[in-house]
>>> print(open('coords.cif').read())   # mmCIF, N, CA and C atoms and all ligand atoms
data_model
#
loop_
_atom_site.label_atom_id
_atom_site.label_comp_id
_atom_site.auth_asym_id
_atom_site.auth_seq_id
_atom_site.Cartn_x
_atom_site.Cartn_y
_atom_site.Cartn_z
N MET A 7 64.37 -29.87 -70.89
CA MET A 7 65.13 -31.06 -71.32
C MET A 7 66.19 -30.62 -72.33
N SER A 8 67.40 -31.10 -72.19
CA SER A 8 68.47 -30.63 -73.06
C SER A 8 68.36 -31.23 -74.46
N GLN A 9 68.21 -32.52 -74.55
CA GLN A 9 68.17 -33.19 -75.86
C GLN A 9 66.96 -34.10 -75.94
N PHE A 10 66.33 -34.14 -77.10
CA PHE A 10 65.20 -35.05 -77.29
C PHE A 10 65.61 -36.11 -78.30
N TYR A 11 65.41 -37.37 -77.94
CA TYR A 11 65.87 -38.46 -78.80
C TYR A 11 64.70 -39.26 -79.37
N CYS A 12 64.87 -39.71 -80.57
CA CYS A 12 63.97 -40.70 -81.21
C CYS A 12 62.53 -40.21 -81.29
N ARG A 13 61.61 -41.15 -81.14
CA ARG A 13 60.17 -40.85 -81.25
C ARG A 13 59.78 -40.24 -82.59
N GLU A 14 60.56 -40.55 -83.63
CA GLU A 14 60.24 -39.97 -84.96
C GLU A 14 58.86 -40.40 -85.44
N ASP A 15 58.56 -41.67 -85.21
CA ASP A 15 57.28 -42.19 -85.68
C ASP A 15 56.11 -41.48 -84.99
N GLU A 16 56.24 -41.33 -83.67
CA GLU A 16 55.18 -40.66 -82.90
C GLU A 16 55.03 -39.19 -83.36
N LEU A 17 56.16 -38.53 -83.54
CA LEU A 17 56.10 -37.12 -83.97
C LEU A 17 55.49 -36.99 -85.37
N ARG A 18 55.83 -37.93 -86.23
CA ARG A 18 55.27 -37.90 -87.59
C ARG A 18 53.75 -38.04 -87.54
N LYS A 19 53.29 -38.98 -86.71
CA LYS A 19 51.84 -39.20 -86.60
C LYS A 19 51.14 -37.97 -86.04
N LEU A 20 51.73 -37.38 -85.02
CA LEU A 20 51.12 -36.18 -84.43
C LEU A 20 51.07 -35.04 -85.44
N ASN A 21 52.17 -34.85 -86.15
CA ASN A 21 52.23 -33.75 -87.11
C ASN A 21 51.26 -33.96 -88.27
N LYS A 22 51.06 -35.19 -88.66
CA LYS A 22 50.12 -35.49 -89.73
C LYS A 22 48.70 -35.07 -89.30
N ARG A 23 48.38 -35.34 -88.06
CA ARG A 23 47.06 -34.94 -87.55
C ARG A 23 46.98 -33.41 -87.42
N TYR A 24 48.09 -32.81 -87.07
CA TYR A 24 48.10 -31.35 -86.87
C TYR A 24 47.82 -30.59 -88.17
N VAL A 25 48.37 -31.07 -89.27
CA VAL A 25 48.22 -30.33 -90.52
C VAL A 25 46.90 -30.60 -91.23
N GLY A 26 46.12 -31.53 -90.73
CA GLY A 26 44.83 -31.81 -91.35
C GLY A 26 43.88 -30.63 -91.18
N ASP A 27 42.71 -30.72 -91.84
CA ASP A 27 41.83 -29.55 -91.79
C ASP A 27 40.63 -29.75 -90.87
N LYS A 28 40.73 -30.71 -89.96
CA LYS A 28 39.61 -30.86 -89.03
C LYS A 28 40.09 -30.93 -87.58
N PHE A 29 39.12 -30.84 -86.70
CA PHE A 29 39.43 -30.96 -85.27
C PHE A 29 40.00 -32.35 -84.98
N GLU A 30 41.02 -32.38 -84.16
CA GLU A 30 41.62 -33.67 -83.79
C GLU A 30 41.72 -33.74 -82.27
N CYS A 31 41.47 -34.92 -81.74
CA CYS A 31 41.66 -35.15 -80.31
C CYS A 31 42.54 -36.40 -80.17
N ILE A 32 43.68 -36.22 -79.58
CA ILE A 32 44.65 -37.31 -79.49
C ILE A 32 44.90 -37.65 -78.03
N VAL A 33 44.79 -38.93 -77.71
CA VAL A 33 45.05 -39.38 -76.33
C VAL A 33 46.40 -40.08 -76.32
N ILE A 34 47.27 -39.62 -75.45
CA ILE A 34 48.58 -40.26 -75.30
C ILE A 34 48.62 -40.90 -73.92
N TYR A 35 48.83 -42.19 -73.89
CA TYR A 35 48.88 -42.85 -72.58
C TYR A 35 50.04 -43.83 -72.54
N GLY A 36 50.45 -44.16 -71.34
CA GLY A 36 51.55 -45.10 -71.18
C GLY A 36 52.03 -45.09 -69.74
N ARG A 37 52.93 -46.01 -69.45
CA ARG A 37 53.46 -46.12 -68.09
C ARG A 37 54.11 -44.81 -67.64
N ARG A 38 54.35 -44.75 -66.36
CA ARG A 38 54.99 -43.55 -65.80
C ARG A 38 56.41 -43.41 -66.36
N ARG A 39 56.84 -42.18 -66.55
CA ARG A 39 58.22 -41.83 -66.93
C ARG A 39 58.64 -42.43 -68.27
N VAL A 40 57.66 -42.70 -69.11
CA VAL A 40 57.99 -43.32 -70.40
C VAL A 40 58.29 -42.25 -71.47
N GLY A 41 57.92 -40.98 -71.14
CA GLY A 41 58.23 -39.90 -72.08
C GLY A 41 57.02 -39.23 -72.71
N LYS A 42 55.86 -39.32 -72.08
CA LYS A 42 54.65 -38.71 -72.66
C LYS A 42 54.78 -37.18 -72.69
N THR A 43 55.12 -36.60 -71.55
CA THR A 43 55.23 -35.13 -71.50
C THR A 43 56.34 -34.63 -72.41
N ALA A 44 57.46 -35.35 -72.42
CA ALA A 44 58.58 -34.94 -73.29
C ALA A 44 58.15 -34.97 -74.76
N LEU A 45 57.40 -35.97 -75.14
CA LEU A 45 56.91 -36.06 -76.53
C LEU A 45 55.98 -34.89 -76.85
N ILE A 46 55.09 -34.59 -75.91
CA ILE A 46 54.16 -33.47 -76.13
C ILE A 46 54.94 -32.16 -76.28
N ASN A 47 55.89 -31.96 -75.39
CA ASN A 47 56.68 -30.72 -75.46
C ASN A 47 57.43 -30.60 -76.78
N GLU A 48 57.99 -31.69 -77.23
CA GLU A 48 58.73 -31.66 -78.50
C GLU A 48 57.78 -31.36 -79.67
N PHE A 49 56.61 -31.98 -79.64
CA PHE A 49 55.62 -31.75 -80.70
C PHE A 49 55.15 -30.29 -80.72
N CYS A 50 54.99 -29.73 -79.53
CA CYS A 50 54.41 -28.38 -79.42
C CYS A 50 55.41 -27.25 -79.56
N LYS A 51 56.69 -27.56 -79.55
CA LYS A 51 57.67 -26.49 -79.34
C LYS A 51 57.60 -25.36 -80.36
N ASP A 52 57.16 -25.64 -81.59
CA ASP A 52 57.08 -24.57 -82.59
C ASP A 52 55.63 -24.30 -82.99
N LYS A 53 54.70 -24.63 -82.10
CA LYS A 53 53.28 -24.43 -82.44
C LYS A 53 52.59 -23.59 -81.37
N PRO A 54 51.58 -22.80 -81.77
CA PRO A 54 50.83 -22.05 -80.76
C PRO A 54 50.11 -23.04 -79.83
N THR A 55 50.50 -23.03 -78.58
CA THR A 55 50.03 -24.09 -77.66
C THR A 55 49.54 -23.52 -76.34
N ILE A 56 48.42 -24.04 -75.91
CA ILE A 56 47.96 -23.79 -74.54
C ILE A 56 48.22 -25.08 -73.78
N PHE A 57 49.16 -25.01 -72.85
CA PHE A 57 49.56 -26.22 -72.13
C PHE A 57 49.02 -26.14 -70.71
N PHE A 58 48.20 -27.10 -70.37
CA PHE A 58 47.65 -27.13 -69.01
C PHE A 58 47.98 -28.48 -68.38
N SER A 59 48.63 -28.42 -67.24
CA SER A 59 48.95 -29.65 -66.51
C SER A 59 48.04 -29.72 -65.30
N ALA A 60 47.16 -30.72 -65.26
CA ALA A 60 46.18 -30.81 -64.17
C ALA A 60 46.88 -31.04 -62.84
N LEU A 61 46.25 -30.52 -61.79
CA LEU A 61 46.85 -30.58 -60.45
C LEU A 61 46.10 -31.59 -59.58
N ASN A 62 46.82 -32.09 -58.61
CA ASN A 62 46.19 -33.04 -57.69
C ASN A 62 45.48 -32.27 -56.59
N THR A 63 44.45 -31.55 -56.99
CA THR A 63 43.77 -30.69 -56.03
C THR A 63 42.29 -30.59 -56.40
N THR A 64 41.64 -29.55 -55.94
CA THR A 64 40.19 -29.45 -56.15
C THR A 64 39.83 -29.02 -57.57
N GLY A 65 38.56 -29.22 -57.92
CA GLY A 65 38.06 -28.76 -59.21
C GLY A 65 38.21 -27.26 -59.36
N ARG A 66 37.99 -26.55 -58.27
CA ARG A 66 38.10 -25.09 -58.29
C ARG A 66 39.54 -24.65 -58.63
N GLU A 67 40.52 -25.27 -57.95
CA GLU A 67 41.92 -24.89 -58.21
C GLU A 67 42.38 -25.31 -59.60
N ASN A 68 41.84 -26.41 -60.08
CA ASN A 68 42.18 -26.81 -61.45
C ASN A 68 41.59 -25.81 -62.46
N LEU A 69 40.39 -25.31 -62.16
CA LEU A 69 39.80 -24.32 -63.06
C LEU A 69 40.63 -23.03 -63.04
N GLU A 70 41.11 -22.68 -61.86
CA GLU A 70 41.95 -21.49 -61.74
C GLU A 70 43.23 -21.66 -62.57
N ALA A 71 43.84 -22.82 -62.46
CA ALA A 71 45.08 -23.08 -63.21
C ALA A 71 44.82 -23.13 -64.72
N LEU A 72 43.70 -23.73 -65.10
CA LEU A 72 43.35 -23.78 -66.52
C LEU A 72 43.11 -22.37 -67.05
N SER A 73 42.43 -21.55 -66.26
CA SER A 73 42.19 -20.15 -66.65
C SER A 73 43.51 -19.43 -66.89
N LYS A 74 44.46 -19.66 -65.98
CA LYS A 74 45.78 -19.01 -66.13
C LYS A 74 46.47 -19.45 -67.41
N SER A 75 46.38 -20.75 -67.72
CA SER A 75 47.02 -21.25 -68.96
C SER A 75 46.41 -20.57 -70.18
N ILE A 76 45.09 -20.45 -70.18
CA ILE A 76 44.42 -19.84 -71.34
C ILE A 76 44.78 -18.36 -71.43
N MET A 77 44.72 -17.69 -70.28
CA MET A 77 44.99 -16.25 -70.27
C MET A 77 46.44 -15.93 -70.63
N SER A 78 47.37 -16.76 -70.19
CA SER A 78 48.77 -16.43 -70.50
C SER A 78 49.05 -16.65 -71.99
N PHE A 79 48.21 -17.44 -72.66
CA PHE A 79 48.31 -17.58 -74.11
C PHE A 79 47.68 -16.37 -74.81
N GLU A 80 46.50 -16.02 -74.33
CA GLU A 80 45.76 -14.92 -74.97
C GLU A 80 46.36 -13.56 -74.67
N ARG A 81 46.73 -13.37 -73.40
CA ARG A 81 47.21 -12.06 -72.94
C ARG A 81 48.49 -12.23 -72.14
N PRO A 82 49.60 -12.56 -72.80
CA PRO A 82 50.84 -12.81 -72.06
C PRO A 82 51.34 -11.59 -71.29
N ASP A 83 50.85 -10.40 -71.68
CA ASP A 83 51.28 -9.17 -71.01
C ASP A 83 50.57 -8.95 -69.67
N MET A 84 49.45 -9.64 -69.46
CA MET A 84 48.68 -9.40 -68.24
C MET A 84 49.25 -10.17 -67.06
N GLU A 85 49.46 -9.46 -65.94
CA GLU A 85 50.06 -10.14 -64.80
C GLU A 85 49.08 -11.03 -64.07
N SER A 86 47.90 -10.49 -63.81
CA SER A 86 46.88 -11.36 -63.22
C SER A 86 45.67 -11.35 -64.14
N ALA A 87 45.01 -12.46 -64.21
CA ALA A 87 43.93 -12.59 -65.18
C ALA A 87 42.68 -13.10 -64.49
N PRO A 88 41.52 -12.73 -65.01
CA PRO A 88 40.28 -13.23 -64.40
C PRO A 88 40.14 -14.73 -64.60
N GLU A 89 39.42 -15.31 -63.69
CA GLU A 89 39.23 -16.76 -63.77
C GLU A 89 37.89 -17.04 -64.46
N PHE A 90 37.83 -18.09 -65.26
CA PHE A 90 36.56 -18.46 -65.86
C PHE A 90 35.62 -18.97 -64.76
N ARG A 91 34.33 -18.74 -64.96
CA ARG A 91 33.36 -19.10 -63.92
C ARG A 91 33.09 -20.59 -63.88
N SER A 92 33.34 -21.23 -65.00
CA SER A 92 33.05 -22.67 -65.07
C SER A 92 33.97 -23.31 -66.11
N TYR A 93 34.05 -24.63 -66.07
CA TYR A 93 34.81 -25.34 -67.11
C TYR A 93 34.18 -25.11 -68.47
N ASP A 94 32.85 -25.05 -68.51
CA ASP A 94 32.17 -24.80 -69.78
C ASP A 94 32.63 -23.47 -70.39
N ALA A 95 32.72 -22.45 -69.54
CA ALA A 95 33.13 -21.13 -70.04
C ALA A 95 34.57 -21.19 -70.56
N ALA A 96 35.44 -21.89 -69.85
CA ALA A 96 36.84 -22.01 -70.30
C ALA A 96 36.89 -22.76 -71.64
N LEU A 97 36.13 -23.82 -71.75
CA LEU A 97 36.14 -24.59 -73.00
C LEU A 97 35.51 -23.80 -74.15
N ASP A 98 34.51 -22.98 -73.84
CA ASP A 98 33.93 -22.11 -74.87
C ASP A 98 34.98 -21.14 -75.41
N GLU A 99 35.80 -20.62 -74.50
CA GLU A 99 36.86 -19.70 -74.91
C GLU A 99 37.86 -20.42 -75.82
N LEU A 100 38.21 -21.64 -75.46
CA LEU A 100 39.12 -22.42 -76.31
C LEU A 100 38.52 -22.65 -77.70
N THR A 101 37.22 -22.92 -77.73
CA THR A 101 36.55 -23.11 -79.02
C THR A 101 36.65 -21.84 -79.85
N ALA A 102 36.39 -20.69 -79.20
CA ALA A 102 36.46 -19.41 -79.93
C ALA A 102 37.87 -19.17 -80.45
N LEU A 103 38.86 -19.43 -79.59
CA LEU A 103 40.26 -19.23 -80.02
C LEU A 103 40.61 -20.11 -81.20
N SER A 104 40.14 -21.34 -81.16
CA SER A 104 40.51 -22.29 -82.22
C SER A 104 39.85 -21.93 -83.55
N LYS A 105 38.82 -21.11 -83.49
CA LYS A 105 38.19 -20.65 -84.75
C LYS A 105 39.00 -19.52 -85.37
N GLU A 106 39.72 -18.79 -84.52
CA GLU A 106 40.56 -17.70 -85.03
C GLU A 106 41.83 -18.23 -85.67
N LYS A 107 42.43 -19.22 -85.00
CA LYS A 107 43.65 -19.80 -85.58
C LYS A 107 43.88 -21.22 -85.04
N ARG A 108 44.75 -21.91 -85.73
CA ARG A 108 45.05 -23.29 -85.34
C ARG A 108 45.85 -23.29 -84.05
N ILE A 109 45.33 -23.97 -83.04
CA ILE A 109 46.06 -24.06 -81.79
C ILE A 109 46.12 -25.51 -81.31
N VAL A 110 47.10 -25.75 -80.47
CA VAL A 110 47.17 -27.04 -79.78
C VAL A 110 46.78 -26.78 -78.33
N PHE A 111 45.84 -27.54 -77.84
CA PHE A 111 45.46 -27.45 -76.42
C PHE A 111 45.84 -28.77 -75.77
N VAL A 112 46.71 -28.68 -74.78
CA VAL A 112 47.22 -29.89 -74.11
C VAL A 112 46.67 -29.96 -72.70
N ILE A 113 46.15 -31.11 -72.35
CA ILE A 113 45.87 -31.39 -70.94
C ILE A 113 46.81 -32.51 -70.53
N ASP A 114 47.81 -32.17 -69.76
CA ASP A 114 48.71 -33.20 -69.25
C ASP A 114 48.18 -33.63 -67.88
N GLU A 115 48.56 -34.80 -67.43
CA GLU A 115 48.10 -35.33 -66.13
C GLU A 115 46.57 -35.37 -66.07
N TYR A 116 45.98 -35.81 -67.15
CA TYR A 116 44.52 -35.79 -67.27
C TYR A 116 43.83 -36.67 -66.22
N GLU A 117 44.56 -37.65 -65.70
CA GLU A 117 43.93 -38.59 -64.76
C GLU A 117 43.65 -37.98 -63.39
N LYS A 118 44.12 -36.76 -63.17
CA LYS A 118 43.91 -36.16 -61.85
C LYS A 118 42.42 -36.13 -61.52
N LYS A 119 42.14 -36.52 -60.28
CA LYS A 119 40.78 -36.85 -59.87
C LYS A 119 39.76 -35.73 -60.02
N TYR A 120 40.14 -34.52 -59.68
CA TYR A 120 39.14 -33.45 -59.62
C TYR A 120 39.19 -32.50 -60.82
N LEU A 121 39.83 -32.94 -61.88
CA LEU A 121 39.79 -32.12 -63.09
C LEU A 121 38.37 -32.22 -63.67
N PHE A 122 37.81 -31.11 -64.09
CA PHE A 122 36.47 -31.04 -64.65
C PHE A 122 35.39 -31.48 -63.68
N SER A 123 35.69 -31.48 -62.39
CA SER A 123 34.67 -31.92 -61.44
C SER A 123 33.91 -30.71 -60.90
N SER A 124 32.88 -31.02 -60.14
CA SER A 124 32.02 -29.98 -59.60
C SER A 124 32.82 -28.94 -58.83
N LEU A 125 32.37 -27.68 -58.91
CA LEU A 125 33.10 -26.62 -58.25
C LEU A 125 32.59 -26.35 -56.84
N ASP A 126 31.39 -26.84 -56.52
CA ASP A 126 30.87 -26.50 -55.20
C ASP A 126 31.03 -27.58 -54.16
N LYS A 127 31.42 -28.77 -54.54
CA LYS A 127 31.71 -29.80 -53.53
C LYS A 127 33.19 -29.78 -53.19
N GLN A 128 33.68 -30.75 -52.50
CA GLN A 128 35.08 -30.96 -52.07
C GLN A 128 35.46 -30.02 -50.94
N1 LIG B 201 62.67 -38.76 -76.27
C1 LIG B 201 63.36 -38.40 -75.19
N2 LIG B 201 64.63 -37.94 -75.29
C2 LIG B 201 65.32 -37.58 -74.21
N3 LIG B 201 64.84 -37.62 -72.93
C3 LIG B 201 63.58 -38.05 -72.75
C4 LIG B 201 62.77 -38.46 -73.85
N4 LIG B 201 61.57 -38.87 -73.38
C5 LIG B 201 61.63 -38.70 -72.05
N5 LIG B 201 62.82 -38.21 -71.65
C6 LIG B 201 63.23 -37.91 -70.26
O1 LIG B 201 62.74 -38.97 -69.44
C7 LIG B 201 62.16 -38.48 -68.25
C8 LIG B 201 60.69 -38.92 -68.16
O2 LIG B 201 59.97 -38.34 -69.22
P1 LIG B 201 58.53 -37.67 -69.04
O3 LIG B 201 58.47 -36.84 -67.82
O4 LIG B 201 58.19 -37.04 -70.33
O5 LIG B 201 57.64 -38.97 -68.81
P2 LIG B 201 56.07 -39.09 -68.60
O6 LIG B 201 55.62 -40.28 -69.37
O7 LIG B 201 55.42 -37.79 -68.90
O8 LIG B 201 56.01 -39.38 -67.03
P3 LIG B 201 54.75 -39.27 -66.04
O9 LIG B 201 53.85 -40.46 -66.34
O10 LIG B 201 55.35 -39.36 -64.68
O11 LIG B 201 54.07 -37.95 -66.32
C9 LIG B 201 62.32 -36.97 -68.27
O12 LIG B 201 63.48 -36.62 -67.56
C10 LIG B 201 62.51 -36.66 -69.75
O13 LIG B 201 63.28 -35.49 -69.94
MG MG B 202 54.23 -36.56 -67.77
#
>>> encode(input="coords.cif", output="structure tokens")
Amino acid sequence: MSQFYCREDELRKLNKRYVGDKFECIVIYGRRRVGKTALINEFCKDKPTIFFSALNTTGRENLEALSKSIMSFERPDMESAPEFRSYDAALDELTALSKEKRIVFVIDEYEKKYLFSSLDKQ
């Protein structure tokens, strides 16, 4: 996006939560094309961020994509990265990373049906 306009209030609120000293979980919701992703990108642009956009596909492929998001943050030099065996394992890794330093973990398109779903069905 070339230019980001307004949303000062939203950015202020997000930043206030970011600088606090505890874990924060923020849900951003709204109609389509209202600017949720743009707001997230603007908020994250100068922060260590793992950005994962859920896919309209199986739980297995979402886990693969989530693994890639985590690995490209941890090991940007690695061309291909191992996949986590489960969502629990991926989330455990995020927990470990967040203990080392302050990070933002974004799940965009959270409503996708098979995100965090069973890996052996579908
Ligand atoms: N604050 C802003 N300043 C400038 N352009 C913006 C702003 N917010 C959104 N846009 C533009 O409006 C369009 C829609 O925004 P965006 O994709 O962020 O919406 P969304 O709420 O994430 O949509 P969806 O629900 O489809 O995911 C994009 O082209 C984006 O670049
Ligand atoms: Mg969006």
>>> select_by_dssp(input="coords.cif", residues="chain A", states="strand (DSSP E)", output="list in words")
Thr55, Ile56, Phe57, Phe58, Ser59, Val110, Phe111, Val112, Ile113 and Asp114 of chain A
>>> residues_near_ligand(input="coords.cif", ligand="ligand MG 202 (chain B)", cutoff="7 Å", atoms="only C-alpha atoms and all ligand atoms", output="ChimeraX atom specification")
/A:39,41-43,114-115
>>> closest_residue(input="coords.cif", among="A:Phe29, A:Tyr35, A:Phe111, A:Phe79", to="ligand LIG 201 (chain B)", atoms="all atoms listed in the file")
A:Tyr35
>>> residues_near_ligand(input="coords.cif", ligand="ligand LIG 201 (chain B)", cutoff="6.5 Å", atoms="all atoms listed in the file", output="list in words")
Met7, Ser8, Gln9, Phe10, Tyr11, Cys12, Arg13, Gly36, Arg37, Arg38, Arg39, Val40, Gly41, Lys42, Thr43, Ala44, Leu45 and Glu115 of chain A
>>> write_last_selection(input="coords.cif", atoms="N, CA and C atoms", output="PDB file, in the coordinates of the input")
ATOM      1  N   MET A   7      64.370 -29.870 -70.890  1.00  0.00           N
ATOM      2  CA  MET A   7      65.130 -31.060 -71.320  1.00  0.00           C
ATOM      3  C   MET A   7      66.190 -30.620 -72.330  1.00  0.00           C
ATOM      4  N   SER A   8      67.400 -31.100 -72.190  1.00  0.00           N
ATOM      5  CA  SER A   8      68.470 -30.630 -73.060  1.00  0.00           C
ATOM      6  C   SER A   8      68.360 -31.230 -74.460  1.00  0.00           C
ATOM      7  N   GLN A   9      68.210 -32.520 -74.550  1.00  0.00           N
ATOM      8  CA  GLN A   9      68.170 -33.190 -75.860  1.00  0.00           C
ATOM      9  C   GLN A   9      66.960 -34.100 -75.940  1.00  0.00           C
ATOM     10  N   PHE A  10      66.330 -34.140 -77.100  1.00  0.00           N
ATOM     11  CA  PHE A  10      65.200 -35.050 -77.290  1.00  0.00           C
ATOM     12  C   PHE A  10      65.610 -36.110 -78.300  1.00  0.00           C
ATOM     13  N   TYR A  11      65.410 -37.370 -77.940  1.00  0.00           N
ATOM     14  CA  TYR A  11      65.870 -38.460 -78.800  1.00  0.00           C
ATOM     15  C   TYR A  11      64.700 -39.260 -79.370  1.00  0.00           C
ATOM     16  N   CYS A  12      64.870 -39.710 -80.570  1.00  0.00           N
ATOM     17  CA  CYS A  12      63.970 -40.700 -81.210  1.00  0.00           C
ATOM     18  C   CYS A  12      62.530 -40.210 -81.290  1.00  0.00           C
ATOM     19  N   ARG A  13      61.610 -41.150 -81.140  1.00  0.00           N
ATOM     20  CA  ARG A  13      60.170 -40.850 -81.250  1.00  0.00           C
ATOM     21  C   ARG A  13      59.780 -40.240 -82.590  1.00  0.00           C
ATOM     22  N   GLY A  36      50.450 -44.160 -71.340  1.00  0.00           N
ATOM     23  CA  GLY A  36      51.550 -45.100 -71.180  1.00  0.00           C
ATOM     24  C   GLY A  36      52.030 -45.090 -69.740  1.00  0.00           C
ATOM     25  N   ARG A  37      52.930 -46.010 -69.450  1.00  0.00           N
ATOM     26  CA  ARG A  37      53.460 -46.120 -68.090  1.00  0.00           C
ATOM     27  C   ARG A  37      54.110 -44.810 -67.640  1.00  0.00           C
ATOM     28  N   ARG A  38      54.350 -44.750 -66.360  1.00  0.00           N
ATOM     29  CA  ARG A  38      54.990 -43.550 -65.800  1.00  0.00           C
ATOM     30  C   ARG A  38      56.410 -43.410 -66.360  1.00  0.00           C
ATOM     31  N   ARG A  39      56.840 -42.180 -66.550  1.00  0.00           N
ATOM     32  CA  ARG A  39      58.220 -41.830 -66.930  1.00  0.00           C
ATOM     33  C   ARG A  39      58.640 -42.430 -68.270  1.00  0.00           C
ATOM     34  N   VAL A  40      57.660 -42.700 -69.110  1.00  0.00           N
ATOM     35  CA  VAL A  40      57.990 -43.320 -70.400  1.00  0.00           C
ATOM     36  C   VAL A  40      58.290 -42.250 -71.470  1.00  0.00           C
ATOM     37  N   GLY A  41      57.920 -40.980 -71.140  1.00  0.00           N
ATOM     38  CA  GLY A  41      58.230 -39.900 -72.080  1.00  0.00           C
ATOM     39  C   GLY A  41      57.020 -39.230 -72.710  1.00  0.00           C
ATOM     40  N   LYS A  42      55.860 -39.320 -72.080  1.00  0.00           N
ATOM     41  CA  LYS A  42      54.650 -38.710 -72.660  1.00  0.00           C
ATOM     42  C   LYS A  42      54.780 -37.180 -72.690  1.00  0.00           C
ATOM     43  N   THR A  43      55.120 -36.600 -71.550  1.00  0.00           N
ATOM     44  CA  THR A  43      55.230 -35.130 -71.500  1.00  0.00           C
ATOM     45  C   THR A  43      56.340 -34.630 -72.410  1.00  0.00           C
ATOM     46  N   ALA A  44      57.460 -35.350 -72.420  1.00  0.00           N
ATOM     47  CA  ALA A  44      58.580 -34.940 -73.290  1.00  0.00           C
ATOM     48  C   ALA A  44      58.150 -34.970 -74.760  1.00  0.00           C
ATOM     49  N   LEU A  45      57.400 -35.970 -75.140  1.00  0.00           N
ATOM     50  CA  LEU A  45      56.910 -36.060 -76.530  1.00  0.00           C
ATOM     51  C   LEU A  45      55.980 -34.890 -76.850  1.00  0.00           C
ATOM     52  N   GLU A 115      48.560 -34.800 -67.430  1.00  0.00           N
ATOM     53  CA  GLU A 115      48.100 -35.330 -66.130  1.00  0.00           C
ATOM     54  C   GLU A 115      46.570 -35.370 -66.070  1.00  0.00           C
TER      55      GLU A 115
END
>>> atom_distance(input="coords.cif", atom1="CA of Lys19 (chain A)", atom2="CA of Asn47 (chain A)")
14.8 Å
>>> decode(input="coords.cif", residues="region 46-58 of chain A", atoms="N, CA, C and O atoms", output="CSV table (one decimal), in the first residue's frame")
chain,number,residue,atom,x,y,z
A,46,ILE,N,-3.4,-3.6,10.5
A,46,ILE,CA,-2.4,-4.6,11.1
A,46,ILE,C,-1.0,-4.3,10.5
A,46,ILE,O,0.0,-4.2,11.2
A,47,ASN,N,-0.9,-4.2,9.2
A,47,ASN,CA,0.4,-4.0,8.5
A,47,ASN,C,1.0,-2.7,9.0
A,47,ASN,O,2.2,-2.6,9.2
A,48,GLU,N,0.2,-1.6,9.1
A,48,GLU,CA,0.8,-0.4,9.6
A,48,GLU,C,1.3,-0.5,11.0
A,48,GLU,O,2.4,0.0,11.4
A,49,PHE,N,0.5,-1.2,11.9
A,49,PHE,CA,0.9,-1.3,13.3
A,49,PHE,C,2.2,-2.1,13.4
A,49,PHE,O,3.1,-1.9,14.2
A,50,CYS,N,2.3,-3.1,12.5
A,50,CYS,CA,3.5,-4.1,12.6
A,50,CYS,C,4.7,-3.6,11.9
A,50,CYS,O,5.8,-4.2,12.0
A,51,LYS,N,4.6,-2.6,11.1
A,51,LYS,CA,5.7,-2.3,10.1
A,51,LYS,C,7.1,-2.1,10.8
A,51,LYS,O,8.1,-2.4,10.2
A,52,ASP,N,7.1,-1.6,12.0
A,52,ASP,CA,8.4,-1.4,12.7
A,52,ASP,C,8.6,-2.4,13.9
A,52,ASP,O,9.4,-2.1,14.8
A,53,LYS,N,7.9,-3.5,13.9
A,53,LYS,CA,8.0,-4.4,15.0
A,53,LYS,C,8.3,-5.8,14.5
A,53,LYS,O,7.9,-6.2,13.4
A,54,PRO,N,9.0,-6.6,15.4
A,54,PRO,CA,9.3,-8.0,15.0
A,54,PRO,C,8.0,-8.7,14.9
A,54,PRO,O,7.3,-8.9,15.9
A,55,THR,N,7.6,-9.2,13.7
A,55,THR,CA,6.3,-9.7,13.5
A,55,THR,C,6.3,-11.0,12.8
A,55,THR,O,7.0,-11.2,11.8
A,56,ILE,N,5.5,-12.0,13.3
A,56,ILE,CA,5.2,-13.2,12.5
A,56,ILE,C,3.8,-13.0,12.0
A,56,ILE,O,2.9,-13.0,12.7
A,57,PHE,N,3.7,-12.9,10.6
A,57,PHE,CA,2.4,-12.7,10.0
A,57,PHE,C,2.0,-13.9,9.3
A,57,PHE,O,2.7,-14.4,8.4
A,58,PHE,N,0.9,-14.4,9.7
A,58,PHE,CA,0.3,-15.6,9.1
A,58,PHE,C,-1.1,-15.3,8.6
A,58,PHE,O,-2.0,-14.9,9.4
